[in-house]
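Peer 1: Coordinates in final.txt, compact mmCIF, C-alpha atoms and all ligand atoms, are listed below.
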```txt
# COMPACT_ATOMS: atom_id res chain seq x y z
CA MET A 1 -7.70 11.92 21.34
CA GLY A 2 -5.66 9.30 19.61
CA ALA A 3 -4.18 7.86 16.51
CA LYS A 4 -5.03 4.76 14.51
CA ALA A 5 -3.11 3.04 11.77
CA ILE A 6 -4.36 0.94 8.88
CA VAL A 7 -1.87 -1.48 7.41
CA GLY A 8 -2.11 -4.15 4.74
CA LEU A 9 -1.11 -7.63 5.84
CA GLN A 10 -0.63 -9.17 2.40
CA TRP A 11 0.93 -8.06 -0.92
CA GLY A 12 -1.11 -4.88 -1.10
CA ASP A 13 -4.55 -4.52 -2.69
CA GLU A 14 -6.24 -5.76 0.49
CA GLY A 15 -8.95 -3.15 0.10
CA LYS A 16 -7.34 -0.66 2.48
CA GLY A 17 -8.89 2.24 0.60
CA LYS A 18 -12.38 1.31 1.72
CA ILE A 19 -11.29 0.64 5.31
CA THR A 20 -9.37 3.91 5.47
CA ASP A 21 -12.35 5.71 4.01
CA PHE A 22 -14.54 4.13 6.70
CA PHE A 23 -12.29 5.12 9.60
CA SER A 24 -11.51 8.52 8.15
CA SER A 25 -15.09 9.54 8.84
CA GLN A 26 -14.15 9.41 12.54
CA VAL A 27 -10.88 11.35 12.38
CA ASP A 28 -9.60 14.85 11.70
CA VAL A 29 -6.43 14.09 9.77
CA VAL A 30 -5.38 11.29 7.40
CA VAL A 31 -1.66 10.71 6.84
CA ARG A 32 0.35 8.72 4.35
CA TYR A 33 3.80 7.72 5.56
CA GLN A 34 5.42 5.71 2.74
CA GLY A 35 5.27 4.71 -0.92
CA GLY A 36 4.22 6.94 -3.75
CA ASN A 37 1.91 6.79 -6.72
CA ASN A 38 2.60 3.07 -7.05
CA ALA A 39 -0.36 2.72 -4.71
CA GLY A 40 -3.92 2.71 -5.88
CA HIS A 41 -6.90 3.21 -3.63
CA THR A 42 -10.38 2.86 -4.99
CA VAL A 43 -13.25 4.29 -3.00
CA VAL A 44 -16.84 3.91 -4.18
CA VAL A 45 -19.21 6.68 -3.11
CA ASN A 46 -22.83 6.59 -4.31
CA GLY A 47 -21.86 4.07 -6.98
CA LYS A 48 -19.13 6.36 -8.34
CA LYS A 49 -15.53 5.14 -8.28
CA TYR A 50 -12.70 7.43 -7.17
CA LYS A 51 -9.11 6.37 -7.69
CA PHE A 52 -6.23 7.89 -5.77
CA HIS A 53 -2.59 7.04 -6.07
CA LEU A 54 -0.87 9.58 -3.91
CA LEU A 55 -3.36 11.52 -1.83
CA PRO A 56 -4.61 9.77 1.31
CA SER A 57 -8.08 8.35 0.68
CA GLY A 58 -9.66 10.42 3.45
CA GLY A 59 -9.83 13.27 0.96
CA LEU A 60 -13.36 12.34 -0.09
CA ARG A 61 -14.53 12.99 3.46
CA GLY A 62 -13.10 16.50 3.35
CA LYS A 63 -10.48 15.69 6.01
CA LYS A 64 -7.09 17.29 6.47
CA LEU A 65 -4.60 15.29 4.41
CA VAL A 66 -0.91 14.91 5.14
CA ILE A 67 1.78 13.43 2.91
CA GLY A 68 4.56 12.50 5.28
CA ASN A 69 8.32 12.66 4.87
CA GLY A 70 8.56 8.94 4.06
CA VAL A 71 6.49 9.30 0.88
CA VAL A 72 8.03 9.83 -2.55
CA VAL A 73 6.12 12.45 -4.52
CA ASN A 74 5.55 12.68 -8.24
CA PRO A 75 4.62 16.38 -8.42
CA SER A 76 2.71 16.13 -11.66
CA VAL A 77 0.54 13.28 -10.32
CA LEU A 78 -0.02 15.21 -7.10
CA LEU A 79 -1.22 18.27 -9.02
CA ASP A 80 -3.62 16.11 -11.05
CA GLU A 81 -5.06 14.53 -7.90
CA ILE A 82 -5.42 17.91 -6.20
CA ASP A 83 -7.34 19.02 -9.26
CA MET A 84 -9.55 15.90 -9.23
CA LEU A 85 -10.33 16.13 -5.52
CA SER A 86 -10.96 19.85 -5.60
CA ARG A 87 -13.86 19.17 -7.97
CA HIS A 88 -15.40 16.99 -5.27
CA SER A 89 -14.56 18.80 -2.03
CA LYS A 90 -12.43 21.48 -0.44
CA ILE A 91 -8.77 20.52 -0.15
CA ASP A 92 -6.81 20.84 3.05
CA LEU A 93 -3.42 19.29 2.28
CA MET A 94 0.05 19.46 3.76
CA VAL A 95 3.04 17.84 2.06
CA SER A 96 6.25 17.25 3.96
CA ASP A 97 9.16 19.43 2.91
CA ARG A 98 11.32 16.36 3.57
CA ALA A 99 9.47 14.06 1.16
CA ASN A 100 11.63 13.11 -1.81
CA VAL A 101 10.61 14.02 -5.34
CA ILE A 102 10.26 11.43 -8.09
CA MET A 103 12.21 12.90 -10.99
CA PRO A 104 11.74 11.95 -14.66
CA TYR A 105 14.98 9.99 -14.67
CA HIS A 106 13.71 7.81 -11.81
CA ILE A 107 10.77 6.77 -13.94
CA MET A 108 13.00 6.14 -16.96
CA LEU A 109 15.51 4.12 -14.94
CA ASP A 110 12.72 2.02 -13.40
CA GLY A 111 11.58 1.07 -16.91
CA ILE A 112 15.08 0.37 -18.22
CA ASP A 113 16.03 -1.74 -15.18
CA GLU A 114 12.92 -3.83 -15.55
CA GLU A 115 13.62 -4.43 -19.27
CA ARG A 116 17.19 -5.45 -18.49
CA LEU A 117 16.08 -7.95 -15.87
CA LYS A 118 14.08 -9.80 -18.55
CA ASP A 119 12.57 -12.93 -16.98
CA LYS A 120 13.96 -11.90 -13.59
CA LYS A 121 12.02 -8.65 -13.54
CA ILE A 122 10.27 -7.57 -10.36
CA GLY A 123 7.18 -6.40 -12.16
CA THR A 124 7.30 -2.90 -10.68
CA THR A 125 4.65 -0.31 -11.37
CA LYS A 126 7.33 1.64 -13.33
CA ARG A 127 6.52 4.78 -11.42
CA GLY A 128 10.16 5.41 -10.47
CA ILE A 129 9.65 4.34 -6.85
CA GLY A 130 12.75 2.13 -6.45
CA PRO A 131 15.20 4.55 -8.14
CA CYS A 132 13.79 7.47 -6.12
CA TYR A 133 14.21 5.69 -2.78
CA ALA A 134 17.66 4.49 -3.90
CA ASP A 135 18.70 8.11 -4.52
CA LYS A 136 17.24 9.14 -1.17
CA ILE A 137 19.39 6.58 0.63
CA ALA A 138 22.41 7.49 -1.51
CA ARG A 139 21.85 11.12 -0.44
CA LEU A 140 21.18 12.11 -4.03
CA GLY A 141 17.51 12.91 -3.71
CA ILE A 142 15.67 16.17 -4.15
CA ARG A 143 13.21 17.04 -1.39
CA MET A 144 9.94 18.88 -1.73
CA GLY A 145 11.38 21.74 0.33
CA GLU A 146 14.01 22.17 -2.37
CA LEU A 147 11.61 21.78 -5.27
CA VAL A 148 9.54 24.73 -4.13
CA ASP A 149 12.57 27.02 -3.84
CA LYS A 150 13.85 27.78 -7.36
CA GLU A 151 17.40 28.68 -6.32
CA LEU A 152 17.83 25.68 -4.07
CA PHE A 153 16.27 23.39 -6.65
CA LYS A 154 18.63 24.57 -9.40
CA GLU A 155 21.66 24.11 -7.20
CA ARG A 156 20.55 20.66 -6.11
CA LEU A 157 19.72 19.54 -9.65
CA GLU A 158 23.15 20.67 -10.85
CA THR A 159 24.88 18.74 -8.08
CA ILE A 160 22.93 15.64 -8.92
CA PHE A 161 23.69 15.93 -12.61
CA LEU A 162 27.36 16.36 -11.77
CA LEU A 163 27.31 12.99 -10.06
CA LYS A 164 24.79 11.18 -12.19
CA GLU A 165 25.13 12.44 -15.74
CA LYS A 166 27.62 9.70 -16.64
CA ILE A 167 25.26 7.12 -15.20
CA PHE A 168 22.37 8.53 -17.22
CA GLU A 169 24.51 8.35 -20.35
CA ALA A 170 25.54 4.79 -19.63
CA TYR A 171 21.84 3.99 -19.55
CA GLY A 172 21.42 5.72 -22.92
CA LEU A 173 19.57 8.68 -21.39
CA HIS A 174 20.47 12.10 -22.71
CA LEU A 175 18.65 14.40 -20.37
CA ASP A 176 18.34 18.12 -20.76
CA ILE A 177 18.86 19.64 -17.33
CA ASN A 178 17.27 22.95 -18.36
CA GLU A 179 14.12 21.30 -19.60
CA ILE A 180 13.80 19.31 -16.39
CA PHE A 181 14.43 22.43 -14.35
CA GLU A 182 11.77 24.45 -16.14
CA GLU A 183 9.12 21.74 -15.89
CA TYR A 184 9.77 20.85 -12.26
CA ALA A 185 10.29 24.42 -11.05
CA ASP A 186 6.80 25.09 -12.39
CA TYR A 187 5.40 22.15 -10.41
CA GLY A 188 7.26 23.47 -7.38
CA GLU A 189 5.68 26.87 -7.79
CA LYS A 190 2.19 25.35 -7.91
CA LEU A 191 2.78 23.04 -4.96
CA LYS A 192 4.44 25.63 -2.74
CA PRO A 193 1.29 26.48 -0.77
CA TYR A 194 1.01 22.88 0.40
CA VAL A 195 4.62 22.23 1.43
CA ASP A 196 5.51 22.54 5.09
CA ASP A 197 7.10 20.82 8.08
CA THR A 198 4.60 18.01 8.66
CA ILE A 199 6.57 16.56 11.57
CA TYR A 200 6.05 19.58 13.79
CA TYR A 201 2.49 19.87 12.59
CA LEU A 202 1.60 16.25 13.41
CA ASN A 203 3.29 16.38 16.79
CA SER A 204 1.50 19.58 17.65
CA ILE A 205 -1.93 18.03 17.08
CA ILE A 206 -1.45 14.41 18.07
CA ASP A 207 -2.77 14.90 21.61
CA GLU A 208 -5.75 16.97 20.53
CA LYS A 209 -6.96 15.52 17.27
CA GLU A 210 -7.82 12.14 15.83
CA ILE A 211 -5.26 10.98 13.30
CA LEU A 212 -5.36 8.07 10.89
CA PHE A 213 -2.16 6.72 9.38
CA GLU A 214 -2.84 5.05 6.09
CA GLY A 215 -0.38 2.40 4.92
CA ALA A 216 0.08 1.84 1.21
CA GLN A 217 1.06 -1.50 -0.38
CA GLY A 218 1.28 -4.32 2.15
CA PHE A 219 3.54 -5.93 4.71
CA LEU A 220 4.72 -8.69 2.35
CA LEU A 221 6.00 -5.97 0.00
CA ASP A 222 7.98 -4.24 2.76
CA ILE A 223 11.63 -3.73 1.78
CA GLU A 224 12.71 -5.22 5.11
CA TYR A 225 10.14 -7.92 5.86
CA GLY A 226 8.71 -8.83 2.48
CA THR A 227 9.68 -11.31 -0.19
CA TYR A 228 12.92 -9.52 -1.09
CA PRO A 229 13.84 -8.63 -3.83
CA PHE A 230 10.22 -8.89 -5.01
CA VAL A 231 9.16 -6.01 -2.81
CA THR A 232 8.62 -2.30 -3.01
CA SER A 233 11.29 0.11 -1.75
CA SER A 234 9.54 1.49 1.33
CA ASN A 235 8.27 0.36 4.74
CA PRO A 236 4.51 -0.33 4.72
CA VAL A 237 4.98 -1.97 8.15
CA ALA A 238 3.39 -0.02 11.01
CA GLY A 239 6.89 0.87 12.25
CA GLY A 240 7.19 2.92 9.06
CA ILE A 241 4.92 5.49 10.74
CA SER A 242 7.77 6.43 13.02
CA THR A 243 10.29 6.99 10.22
CA GLY A 244 7.82 8.11 7.56
CA ALA A 245 5.74 10.58 9.54
CA GLY A 246 8.00 11.50 12.44
CA VAL A 247 5.64 10.67 15.27
CA ASN A 248 6.16 8.72 18.44
CA LEU A 249 4.81 5.20 17.88
CA ARG A 250 3.48 5.06 21.44
CA LYS A 251 0.96 7.67 20.39
CA VAL A 252 -0.66 5.23 17.96
CA ASP A 253 -3.26 3.45 20.04
CA ALA A 254 -4.69 1.01 17.52
CA ILE A 255 -3.15 -0.75 14.56
CA ILE A 256 -5.76 -2.28 12.28
CA GLY A 257 -4.56 -4.99 9.93
CA VAL A 258 -6.40 -5.40 6.65
CA LEU A 259 -6.68 -8.90 5.27
CA LYS A 260 -8.52 -9.84 2.12
CA ALA A 261 -10.57 -13.02 2.57
CA TYR A 262 -8.27 -14.63 -0.02
CA ILE A 263 -4.92 -13.41 -1.31
CA THR A 264 -3.62 -11.60 -4.37
CA ARG A 265 -0.32 -10.41 -5.70
CA VAL A 266 0.66 -8.21 -8.66
CA GLY A 267 4.06 -8.56 -10.21
CA ALA A 268 6.56 -11.37 -9.78
CA GLY A 269 7.74 -13.22 -6.68
CA PRO A 270 6.80 -16.24 -4.59
CA MET A 271 3.17 -16.79 -3.62
CA PRO A 272 2.71 -20.19 -1.97
CA THR A 273 -1.09 -20.33 -2.14
CA GLU A 274 -1.45 -19.10 -5.71
CA GLU A 275 -4.21 -20.88 -7.63
CA LYS A 276 -3.44 -20.91 -11.33
CA GLY A 277 -6.52 -22.84 -12.39
CA LYS A 278 -10.28 -22.40 -12.11
CA ILE A 279 -10.31 -21.10 -8.53
CA GLY A 280 -7.75 -18.42 -9.35
CA GLU A 281 -9.80 -17.34 -12.38
CA HIS A 282 -12.97 -17.32 -10.33
CA LEU A 283 -11.44 -15.09 -7.64
CA ALA A 284 -9.90 -12.74 -10.22
CA GLU A 285 -13.16 -12.31 -12.12
CA LYS A 286 -15.53 -12.15 -9.17
CA GLY A 287 -13.17 -9.98 -7.13
CA GLY A 288 -12.40 -7.64 -10.04
CA GLU A 289 -8.74 -8.28 -9.39
CA TYR A 290 -7.16 -5.83 -11.80
CA GLY A 291 -4.66 -3.27 -10.53
CA THR A 292 -5.87 0.28 -9.83
CA THR A 293 -2.49 1.65 -10.86
CA THR A 294 -1.36 -0.48 -13.79
CA GLY A 295 -4.51 -2.39 -14.75
CA ARG A 296 -2.54 -5.65 -14.50
CA LYS A 297 -4.44 -8.78 -13.62
CA ARG A 298 -3.64 -9.88 -10.09
CA ARG A 299 -2.52 -13.40 -9.23
CA CYS A 300 -5.06 -14.94 -6.86
CA GLY A 301 -5.08 -17.72 -4.29
CA TRP A 302 -6.34 -18.96 -0.94
CA LEU A 303 -5.85 -17.04 2.26
CA ASP A 304 -2.38 -17.65 3.69
CA LEU A 305 -2.47 -17.56 7.49
CA VAL A 306 1.24 -18.34 7.83
CA ALA A 307 1.99 -15.06 6.08
CA ALA A 308 -0.81 -13.29 7.97
CA ARG A 309 0.49 -14.47 11.35
CA TYR A 310 3.98 -13.22 10.48
CA ALA A 311 2.47 -9.87 9.43
CA SER A 312 0.37 -9.66 12.57
CA MET A 313 3.37 -10.43 14.79
CA VAL A 314 5.69 -7.79 13.32
CA ASN A 315 3.05 -5.06 12.93
CA GLY A 316 1.48 -5.69 16.33
CA ILE A 317 -2.07 -5.86 15.01
CA ASP A 318 -4.84 -4.93 17.47
CA ALA A 319 -7.83 -5.70 15.26
CA LEU A 320 -8.58 -7.21 11.87
CA ALA A 321 -10.53 -5.80 8.96
CA ILE A 322 -11.49 -8.60 6.58
CA THR A 323 -12.37 -7.45 3.09
CA LYS A 324 -14.11 -8.99 0.08
CA LEU A 325 -15.75 -11.78 2.03
CA ASP A 326 -18.54 -11.76 -0.56
CA VAL A 327 -16.09 -12.82 -3.29
CA LEU A 328 -16.01 -16.27 -1.68
CA ASP A 329 -19.81 -16.57 -1.93
CA GLY A 330 -20.87 -19.64 -3.87
CA LEU A 331 -17.74 -21.73 -3.43
CA GLU A 332 -18.41 -25.21 -2.15
CA LYS A 333 -15.21 -25.53 -0.14
CA ILE A 334 -12.79 -22.89 1.04
CA LYS A 335 -9.17 -23.58 1.82
CA VAL A 336 -6.95 -21.72 4.26
CA CYS A 337 -3.21 -22.23 4.47
CA ILE A 338 -2.05 -22.94 8.02
CA GLY A 339 1.45 -24.28 7.41
CA TYR A 340 4.15 -24.84 4.81
CA GLU A 341 5.66 -28.18 3.95
CA TYR A 342 9.29 -28.03 2.92
CA GLU A 343 11.61 -31.00 2.40
CA GLY A 344 9.29 -33.30 4.30
CA ARG A 345 8.81 -31.05 7.35
CA ILE A 346 5.95 -28.75 8.31
CA TYR A 347 6.73 -25.13 9.19
CA ASP A 348 4.46 -22.51 10.67
CA GLY A 349 6.85 -19.58 10.15
CA PHE A 350 7.34 -17.45 7.04
CA PRO A 351 10.75 -18.16 5.45
CA SER A 352 13.08 -15.21 4.95
CA MET A 353 14.61 -16.64 1.78
CA ILE A 354 12.60 -16.71 -1.42
CA ASN A 355 14.34 -19.84 -2.74
CA ILE A 356 12.61 -21.68 0.11
CA LEU A 357 9.33 -19.82 -0.18
CA GLU A 358 9.18 -20.64 -3.88
CA ASN A 359 9.32 -24.33 -3.06
CA VAL A 360 7.06 -24.72 -0.06
CA LYS A 361 3.83 -26.64 -0.38
CA PRO A 362 0.90 -25.10 1.47
CA VAL A 363 -0.79 -27.17 4.17
CA TYR A 364 -4.51 -26.45 3.97
CA GLU A 365 -7.45 -26.59 6.31
CA GLU A 366 -10.66 -27.04 4.34
CA LEU A 367 -13.78 -25.23 5.49
CA PRO A 368 -17.32 -25.44 4.13
CA GLY A 369 -18.44 -22.69 1.77
CA TRP A 370 -21.56 -20.52 1.86
CA GLU A 371 -23.95 -18.45 -0.23
CA GLY A 372 -25.11 -14.91 0.32
CA ALA A 373 -22.58 -12.93 2.40
CA ARG A 374 -22.78 -10.16 -0.18
CA GLY A 375 -24.17 -6.88 1.06
CA LYS A 376 -24.81 -8.08 4.63
CA LYS A 377 -24.67 -5.28 7.17
CA ARG A 378 -24.88 -7.19 10.44
CA TYR A 379 -22.63 -9.96 11.66
CA GLU A 380 -25.64 -12.05 12.75
CA ASP A 381 -26.99 -11.95 9.18
CA LEU A 382 -23.92 -13.56 7.69
CA PRO A 383 -24.27 -17.21 6.65
CA PHE A 384 -23.22 -19.59 9.42
CA ASN A 385 -20.23 -20.91 7.45
CA ALA A 386 -19.02 -17.42 6.66
CA ARG A 387 -19.00 -16.64 10.38
CA LYS A 388 -17.18 -19.90 10.98
CA TYR A 389 -14.54 -18.86 8.43
CA LEU A 390 -14.10 -15.45 10.08
CA ASN A 391 -13.81 -16.96 13.53
CA PHE A 392 -11.26 -19.43 12.27
CA ILE A 393 -9.08 -16.55 11.00
CA SER A 394 -9.50 -14.50 14.13
CA GLU A 395 -8.71 -17.41 16.45
CA TRP A 396 -5.77 -18.56 14.39
CA LEU A 397 -4.24 -15.10 14.45
CA ASP A 398 -5.41 -14.41 17.97
CA VAL A 399 -6.65 -10.99 16.89
CA PRO A 400 -10.25 -9.76 17.19
CA LEU A 401 -12.32 -8.76 14.19
CA THR A 402 -13.43 -5.17 13.85
CA ILE A 403 -14.69 -4.71 10.27
CA ILE A 404 -16.02 -7.11 7.68
CA SER A 405 -16.51 -5.83 4.17
CA THR A 406 -19.22 -7.57 2.17
CA GLY A 407 -19.20 -5.46 -0.99
CA ALA A 408 -17.53 -2.48 -2.65
CA GLY A 409 -19.92 0.21 -1.43
CA ARG A 410 -19.52 2.15 1.83
CA GLU A 411 -22.79 0.65 3.06
CA ASP A 412 -21.64 -2.98 2.58
CA THR A 413 -19.78 -2.96 5.86
CA ILE A 414 -20.20 -4.82 9.14
CA THR A 415 -18.67 -3.35 12.25
CA ILE A 416 -17.96 -5.46 15.29
CA GLN A 417 -17.65 -3.74 18.63
CA ALA A 418 -14.93 -4.94 20.99
CA ASP A 419 -16.31 -6.68 24.12
P1 LIG B 1 7.25 -0.69 -7.18
O1 LIG B 1 6.64 -0.34 -5.87
O2 LIG B 1 6.62 0.02 -8.34
O3 LIG B 1 8.74 -0.57 -7.18
O4 LIG B 1 6.94 -2.25 -7.44
C1 LIG B 1 7.52 -3.28 -6.65
C2 LIG B 1 6.52 -4.39 -6.39
O5 LIG B 1 5.50 -3.91 -5.55
C3 LIG B 1 5.82 -4.92 -7.63
O6 LIG B 1 5.57 -6.30 -7.46
C4 LIG B 1 4.52 -4.16 -7.65
O7 LIG B 1 3.50 -4.85 -8.35
C5 LIG B 1 4.22 -4.11 -6.17
N1 LIG B 1 3.37 -2.98 -5.78
C6 LIG B 1 3.71 -1.70 -5.65
N2 LIG B 1 2.67 -0.96 -5.24
C7 LIG B 1 1.64 -1.81 -5.08
C8 LIG B 1 0.30 -1.65 -4.61
O8 LIG B 1 -0.16 -0.57 -4.26
N3 LIG B 1 -0.45 -2.79 -4.58
C9 LIG B 1 0.04 -3.99 -4.92
N4 LIG B 1 1.29 -4.19 -5.35
C10 LIG B 1 2.09 -3.11 -5.42
```
I'd like the structure from this file rewritten - as structure tokens, please.
Ligand code: IMP
Peer 2:
Amino acid sequence: MGAKAIVGLQWGDEGKGKITDFFSSQVDVVVRYQGGNNAGHTVVVNGKKYKFHLLPSGGLRGKKLVIGNGVVVNPSVLLDEIDMLSRHSKIDLMVSDRANVIMPYHIMLDGIDEERLKDKKIGTTKRGIGPCYADKIARLGIRMGELVDKELFKERLETIFLLKEKIFEAYGLHLDINEIFEEYADYGEKLKPYVDDTIYYLNSIIDEKEILFEGAQGFLLDIEYGTYPFVTSSNPVAGGISTGAGVNLRKVDAIIGVLKAYITRVGAGPMPTEEKGKIGEHLAEKGGEYGTTTGRKRRCGWLDLVAARYASMVNGIDALAITKLDVLDGLEKIKVCIGYEYEGRIYDGFPSMINILENVKPVYEELPGWEGARGKKRYEDLPFNARKYLNFISEWLDVPLTIISTGAGREDTITIQAD
């Protein structure tokens, strides 16, 4: 038995939901290890769209779901999703007692911070993710294990208010501790049956069962490796599995990197291959590039292989899943970024500083376009130029292809067996 991981190699929205859904048919357990309800996974089953923000997407396959310790949990959202999924299938869910809880003040502070930043705002999802992780690191968080124990929760909330009430007031927030306690203690009561020690659970099954670790967001949004400060506050990188789920990384035998056939980004921050004109519009419209979580229109551009190579290197990608290939159907020429020009020199590495990244000029390779990749189910049936494009990516990254997605439905999927 073994474990696989699915990670996004761009700024999120690579179509991981569909890939996770695909692989989850082959596993027993699907685990999330970071992020919160800032994520949005859309899975289309029989033409019907299902949107999840917090639950792992494997839920629609009736698999065991685990929310690991590295996730931040909005209890009200979790209860809503449990309700939604339970109308579709039986729920088998375990939530880590170590996972931190997103409190109402986290959501409020996220909004206020963004307003204050004015034109320097990050463009967060305003779900309280950053403030919740900040409190976790400052040792001022509340964990799920505390939320589900009324006495502990009360004590913890009082301690936090002792330290933070002045800060809340400085922000103009006058919070009623009793109201918060009542509302959240009720969530705790309802979620109690799901809360447990997921670390011992996962380690007890890892040698016997198939596990899938599902990354949320993408590598370029990683707090450590992404385009800081225009990042999220967690570790979508595959290494986040170790800290966010408590399992030995050597037990993960395949890391699958998901790459959209072009690139998108929601929110602010550098994006060297962004196309603001007709091409960008075309990709946004044809690709339906509107956020699952916030509905915001995504910025679109050509595939950036400098960023993808950086992502592949740090994550240690074993195989590539390329999504939305069909969105490129009908374009006469397709560009791929293979270097950055900065102050007269060409670089093939991804700069760590955004002041440089904001000013690089992409160096493009131009490839011929194609018609009719949409809905193809076999690699041989893809148009010649589409195959050429895929091979170019795979060779450039030196990573084999495993899945090609040619449409939104489960059936629009090509699988490629390793030699
Ligand atoms: P936060 O995660 O809400 O703090 O937002 C920080 C940055 O990450 C913003 O640019 C968001 O648009 C982006 N972000 C967060 N979650 C996702 C996601 O699931 N897909 C794409 N972008 C995301």
Peer 1: With the cut-off set at 8 Å and counting all atoms listed in the file, tabulate each residue of chain A with an atom at most that distance from an atom of ligand LIG 1 (chain B), showing the nearest atom pair and its distance in Å to one decimal, ordered by chain and increasing number, as a tab-separated table.
Peer 2:
```
residue	atom	partner	partner_atom	distance
A:Trp11	CA	B:LIG1	C9	5.8
A:Gly12	CA	B:LIG1	C9	4.1
A:Asp13	CA	B:LIG1	N3	4.8
A:Gly35	CA	B:LIG1	O1	7.2
A:Gly36	CA	B:LIG1	O1	8.0
A:Asn37	CA	B:LIG1	N2	7.9
A:Asn38	CA	B:LIG1	N2	4.4
A:Ala39	CA	B:LIG1	O8	3.3
A:Gly40	CA	B:LIG1	O8	5.2
A:His41	CA	B:LIG1	O8	7.8
A:Asp110	CA	B:LIG1	O3	7.8
A:Ile122	CA	B:LIG1	O6	5.7
A:Gly123	CA	B:LIG1	C3	5.0
A:Thr124	CA	B:LIG1	O4	3.3
A:Thr125	CA	B:LIG1	O2	3.6
A:Lys126	CA	B:LIG1	O2	5.3
A:Arg127	CA	B:LIG1	O2	5.7
A:Gly128	CA	B:LIG1	O2	6.8
A:Ile129	CA	B:LIG1	O3	5.0
A:Gly130	CA	B:LIG1	O3	4.9
A:Ala216	CA	B:LIG1	O8	6.0
A:Gln217	CA	B:LIG1	O8	4.2
A:Gly218	CA	B:LIG1	N3	7.1
A:Leu221	CA	B:LIG1	O5	5.9
A:Phe230	CA	B:LIG1	O6	5.9
A:Val231	CA	B:LIG1	C2	4.7
A:Thr232	CA	B:LIG1	C1	3.9
A:Ser233	CA	B:LIG1	O3	6.0
A:Ser234	CA	B:LIG1	O1	8.0
A:Arg265	CA	B:LIG1	N4	6.4
A:Val266	CA	B:LIG1	O7	4.4
A:Gly267	CA	B:LIG1	O6	3.9
A:Ala268	CA	B:LIG1	O6	5.7
A:Gly269	CA	B:LIG1	O6	7.3
A:Gly291	CA	B:LIG1	N3	7.3
A:Thr293	CA	B:LIG1	O8	7.3
```
Peer 1: Considering only C-alpha atoms, state which residue in the set A:Leu55, A:Pro362, A:Val252, A:Val258 is at the smallest distance from Tyr347 in chain A.
Peer 2: A:Pro362
Peer 1: Pick out the closest residue to Lys120 in chain A from this set: A:Val44, A:Pro229, A:Arg387, A:Asp21. Count only C-alpha atoms.
Peer 2: A:Pro229
Peer 1: Which is closer to Ile346 in chain A than all the others in A:Ile142, A:Tyr364, A:Tyr228, A:Arg116, using only C-alpha atoms?
Peer 2: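 Nearest to Ile346 in chain A: A:Tyr364.
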Peer 1: If I take CA of Lys164 in chain A and CA of Gly68 in chain A, how far is one from the other in Å, to one decimal?
Peer 2: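 Value for the CA of Lys164 in chain A-CA of Gly68 in chain A distance: 26.8 Å.
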Peer 1: Given the choices A:Ser312, A:Thr402, A:Thr243, A:Ser76, which gets closest to Glu189 in chain A if the distance is worked out from only C-alpha atoms?
Peer 2: A:Ser76
Peer 1: For Leu78 in chain A, which of A:Cys132, A:Ile177, A:Met144, A:Val45 is the closest residue, counting only C-alpha atoms?
Peer 2: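 Using only C-alpha atoms, the shortest distance to Leu78 in chain A belongs to A:Met144.
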Peer 1: Applying 8 Å and all atoms listed in the file, which residues near range 93-103 of chain A remain after dropping the ones on its own chain fewer than 5 positions away? List them as an MDAnalysis selection string.
Peer 2: chainID A and resid 64:75 128:129 132:133 136 141:147 194:199
Peer 1: Select, from A:Lys388, A:Arg410, A:Arg250, A:Lys276, the residue with the minimum atom-to-atom distance to Ala5 in chain A, counting all atoms listed in the file.
Peer 2: A:Arg250
Peer 1: Between CA of Asp412 in chain A and CA of Lys377 in chain A, what is the spacing in Å?
Peer 2: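 The value is 6.0 Å.
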Peer 1: Between CA of Phe219 in chain A and CA of Leu382 in chain A, what is the spacing in Å?
Peer 2: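 CA of Phe219 in chain A lies at a distance of 28.7 Å from CA of Leu382 in chain A.
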Peer 1: Using only C-alpha atoms, determine which residues lie at most 7 Å from range 319-331 of chain A, disregarding the query and same-chain residues fewer than 3 positions distant; provide the list as a VMD selection string.
Peer 2: chain A and resid 14 to 15 255 to 261 283 286 to 287 334 369 to 374 399 to 407
Peer 1: Could you name the residues that touch Ile82 in chain A at 10 Å or less, counting all atoms listed in the file, but leaving out those on the same chain fewer than 3 positions away, as a VMD selection string?
Peer 2: chain A and resid 54 to 55 59 76 to 79 85 to 87 90 to 93 191
Peer 1: Env of Val29 in chain A: 12 Å cut, atoms = all atoms listed in the file, seq-sep filter 2 positions within chain, self excluded. Answer as a VMD selection string.
Peer 2: chain A and resid 1 to 5 20 to 21 23 to 27 31 to 32 56 to 59 61 to 68 92 to 94 198 201 to 202 205 to 206 208 to 214
